[in-house]
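Below: the structure, in structure tokens.
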Amino acid sequence: MIDAQEKLAALLPKLRAADWIALDTEADSLHAYPEKLCLMQVSIDGLDVLLDTLAPVDFTPALQILRDHTLIMHGSDYDLRLLLKTFEFVPSHIFDTMLAARLLGRHQVGLQNLVSHYLGVTLEKGPQKADWARRPLTPRMETYARHDTHYLKPLADALAAELTAKGRLDWHQEYCGEFIRNSAVIAQPDPETEWRVKGSHGLGPRGLAVLRELWRWREAEALSANRPPFFVLMPETMVALAQAAVDEQPTQDLIPRRFSPRRRQGVTEAIAKGLASEHKPGPLKHYSRRLTEAQARRYHDYERRRNRRATELGLDPSLIASRATLLTLAREGEKATNGTLMKWQLELLT
């Protein structure tokens, strides 16, 4: 475990000389709020190492080396966002093994499945709800963490060979570049949508106003308690409370019994504030409901082309173009293809 500056200094020459680097991360998203990066796993030829990102260590020299290499990662989207938030780190190049598997038409793209299929190795199922902020890590946690990167290089080699044989390696490279560009910007939450939890579409304006205040209360409570929001109050409970309040039904029985009097009071006050709010949010307007007749025809034309090509290639249709992308193309026409679609996606759709 790299948990001291002198240990990192000893590792740096090995990292610098490496022909390849595999990288993964672990966070405490099930145990803290906001989540924090707790561990970086790095593998190079002949060495698997864990970097304790909670230790008082300046990892800048290691990050500079990582930036100069192509990083082999699996399902990199979350890891890249976490690295940006923690270190303002953006890699230069990545090879994402999960994306590679998807572009090959595989349906089971978890690391366990891919390592078993391509390498004949059975990985033990890891501690799914582990608190990666705990120290010391248990031996089982350490083994699981090391396995996350240990097999990525041979897996990437096998996937790259198959992508090349199918003429899809360029697709993968372009997609990985898109991942990096997207990861370089921290998305700002939309105040009109961030509180709209699953199930909120059935609420009217007053119910939405109550839900918004409940969400704000829950957010503050989660930050104060350093617990994930769902640990404080589940989304379905928030929706049920909002609907009951609007229907003038009792809400006390819907509040979790484990709540302290202070929390019960907080929920009650949030409901009252929502009911009294003058700003009543309306339902979100979906682009699909605003398509003109011509736009609808264009949408279905793109959709048919996408689905036909996806079937021919054995791909998930959303890899070629998501529904949101098709709606943009339907509304704006060919001019929207620039910047909306990657080169290979455009070639498949036109």
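Letters for chains follow the order of the structure tokens (A, B, ...), residue numbers begin at 1 for each chain, and ligand numbers begin at 1 in the order shown.
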
Close residues, segment 58-60 of chain A itself excluded, 9 Å, only C-alpha atoms, min 4 positions apart in chain, as an MDAnalysis selection string: chainID A and resid 4:5 8 51 53 64:65 87

Give one line per residue of segment 218-296 of chain A that approaches segment 300-312 of chain A to at most 12 Å, naming the two atoms of the closest pair and their distance in Å to one decimal, counting only C-alpha atoms; sort by chain then ascending residue number and deliver it as a tab-separated table.
residue	atom	partner	partner_atom	distance
A:Ser288	CA	A:His300	CA	11.3
A:Leu291	CA	A:His300	CA	11.3
A:Glu293	CA	A:His300	CA	10.8
A:Ala294	CA	A:His300	CA	10.1
A:Gln295	CA	A:His300	CA	8.7
A:Ala296	CA	A:His300	CA	6.3

Those of segment 66-305 of chain A in DSSP strand (DSSP E or B), formatted as a count of residues only: 8

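Counting only C-alpha atoms and comparing A:Leu284, A:Leu203, A:Glu213, A:Thr25, the residue that lies closest to Ala244 of chain A is A:Leu203.
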
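Take the candidates A:Glu178, A:Glu248, A:Glu124, A:Asp190 and check each one against Asp77 of chain A using only C-alpha atoms; the shortest distance goes to A:Glu178.
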
Residues within 8 Å of Pro281 of chain A, only C-alpha atoms, excluding chain neighbours under 6 positions, as a ChimeraX atom specification: /A:205-206,208-209

For atom CA of Leu275 of chain A and atom CA of Val210 of chain A, the interatomic separation in Å (one decimal):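 Taking atom CA of Leu275 of chain A and atom CA of Val210 of chain A, their separation equals 5.9 Å.
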
Selection near Ala187 of chain A, 12 Å with only C-alpha atoms, sequence-local residues under 5 positions removed, as a PyMOL selection string: chain A and resi 81+84-85+182+194

For the residues in the current selection, export N, CA and C atoms as a CSV table (one decimal), in the first residue's frame.
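What ended up in selection_26.csv:
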chain,number,residue,atom,x,y,z
A,81,ARG,N,-14.6,10.7,-13.7
A,81,ARG,CA,-15.2,11.9,-13.0
A,81,ARG,C,-14.7,12.0,-11.6
A,84,LEU,N,-11.2,13.5,-11.8
A,84,LEU,CA,-11.3,15.0,-12.1
A,84,LEU,C,-11.7,15.8,-10.8
A,85,LYS,N,-12.7,15.3,-10.1
A,85,LYS,CA,-13.2,16.0,-8.9
A,85,LYS,C,-12.1,16.0,-7.8
A,182,ASN,N,-15.6,14.4,-22.4
A,182,ASN,CA,-16.7,14.5,-21.5
A,182,ASN,C,-16.2,14.6,-20.0
A,194,GLU,N,-32.6,18.4,-10.8
A,194,GLU,CA,-31.8,17.6,-9.9
A,194,GLU,C,-32.6,16.9,-8.8

Shell of 9 Å around segment 89-104 of chain A, only C-alpha atoms, local chain residues under 3 positions omitted, as a PyMOL selection string: chain A and resi 63-64+66-76+80-86+107-111+114+152+155-156+159-160+162-163+166+168-169+171-173+175-177+179-181+183-184+313-316+319

DSSP-assigned alpha helix (DSSP H) among segment 65-257 of chain A, expressed as a ChimeraX atom specification: /A:65-67,76-87,97-103,111-119,139-150,152-165,169-183,205-225,229-232,235-246

Distance of atom CA of Ala222 of chain A from atom CA of Leu241 of chain A, expressed in Å to one decimal place: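 Distance reported for this atom pair: 18.2 Å.
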
Length of the atom CA of Leu15 of chain A to atom CA of Thr143 of chain A vector [Å]: 20.8 Å

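Proximity ranking of A:Glu221, A:Tyr144, A:Met238, A:Arg297 relative to Trp195 of chain A places A:Met238 first, based on only C-alpha atoms.
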
Residues near segment 134-138 of chain A, cut-off 10 Å, only C-alpha atoms, skip fewer than 3 positions along chain, as a ChimeraX atom specification: /A:1,28,38,52,54,130-131,141-145

Quick one: residues within 10 Å of His31 of chain A, only C-alpha atoms, excluding same-chain residues fewer than 3 positions away - as a PDB file with N, CA and C atoms, in the first residue's frame?
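That gives us result_8.pdb:
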ATOM      1  N   ALA A  27     -14.280   4.206  -4.271  1.00  0.00           N
ATOM      2  CA  ALA A  27     -14.803   5.330  -3.494  1.00  0.00           C
ATOM      3  C   ALA A  27     -15.717   4.802  -2.394  1.00  0.00           C
ATOM      4  N   ASP A  28     -16.170   5.698  -1.538  1.00  0.00           N
ATOM      5  CA  ASP A  28     -17.042   5.300  -0.424  1.00  0.00           C
ATOM      6  C   ASP A  28     -18.467   5.794  -0.643  1.00  0.00           C
ATOM      7  N   PRO A  34     -20.494  14.105   0.600  1.00  0.00           N
ATOM      8  CA  PRO A  34     -20.259  13.559  -0.736  1.00  0.00           C
ATOM      9  C   PRO A  34     -19.225  12.443  -0.698  1.00  0.00           C
ATOM     10  N   GLU A  35     -19.257  11.612  -1.721  1.00  0.00           N
ATOM     11  CA  GLU A  35     -18.300  10.520  -1.804  1.00  0.00           C
ATOM     12  C   GLU A  35     -16.890  11.062  -1.976  1.00  0.00           C
ATOM     13  N   LYS A  36     -15.915  10.233  -1.671  1.00  0.00           N
ATOM     14  CA  LYS A  36     -14.518  10.631  -1.878  1.00  0.00           C
ATOM     15  C   LYS A  36     -13.724   9.462  -2.444  1.00  0.00           C
ATOM     16  N   LYS A 129     -20.537  -4.005  -0.948  1.00  0.00           N
ATOM     17  CA  LYS A 129     -20.919  -2.854  -0.123  1.00  0.00           C
ATOM     18  C   LYS A 129     -19.800  -2.425   0.822  1.00  0.00           C
ATOM     19  N   ALA A 130     -18.583  -2.727   0.446  1.00  0.00           N
ATOM     20  CA  ALA A 130     -17.442  -2.427   1.314  1.00  0.00           C
ATOM     21  C   ALA A 130     -17.262  -0.926   1.490  1.00  0.00           C
ATOM     22  N   ASP A 131     -16.804  -0.552   2.664  1.00  0.00           N
ATOM     23  CA  ASP A 131     -16.455   0.843   2.938  1.00  0.00           C
ATOM     24  C   ASP A 131     -14.969   1.010   2.647  1.00  0.00           C
ATOM     25  N   TRP A 132     -14.661   1.585   1.494  1.00  0.00           N
ATOM     26  CA  TRP A 132     -13.271   1.693   1.064  1.00  0.00           C
ATOM     27  C   TRP A 132     -12.506   2.781   1.818  1.00  0.00           C
ATOM     28  N   ALA A 133     -13.181   3.492   2.695  1.00  0.00           N
ATOM     29  CA  ALA A 133     -12.484   4.482   3.523  1.00  0.00           C
ATOM     30  C   ALA A 133     -11.907   3.853   4.787  1.00  0.00           C
ATOM     31  N   ASN A 226     -23.113  13.162   6.755  1.00  0.00           N
ATOM     32  CA  ASN A 226     -22.113  12.450   5.947  1.00  0.00           C
ATOM     33  C   ASN A 226     -22.609  11.057   5.585  1.00  0.00           C
ATOM     34  N   ARG A 227     -23.845  11.017   5.120  1.00  0.00           N
ATOM     35  CA  ARG A 227     -24.458   9.768   4.695  1.00  0.00           C
ATOM     36  C   ARG A 227     -25.094   9.970   3.319  1.00  0.00           C
ATOM     37  N   PRO A 228     -25.097   8.942   2.459  1.00  0.00           N
ATOM     38  CA  PRO A 228     -25.732   9.081   1.145  1.00  0.00           C
ATOM     39  C   PRO A 228     -27.196   9.478   1.294  1.00  0.00           C
ATOM     40  N   PHE A 231     -29.813   6.942   2.135  1.00  0.00           N
ATOM     41  CA  PHE A 231     -29.755   6.439   3.504  1.00  0.00           C
ATOM     42  C   PHE A 231     -30.640   7.276   4.419  1.00  0.00           C
TER      43      PHE A 231
END

Closest of A:Lys280, A:Arg263, A:Gln345, A:Ile44 to Ala225 of chain A - atom-to-atom distances counting only C-alpha atoms: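 Smallest distance to Ala225 of chain A is found for A:Arg263.
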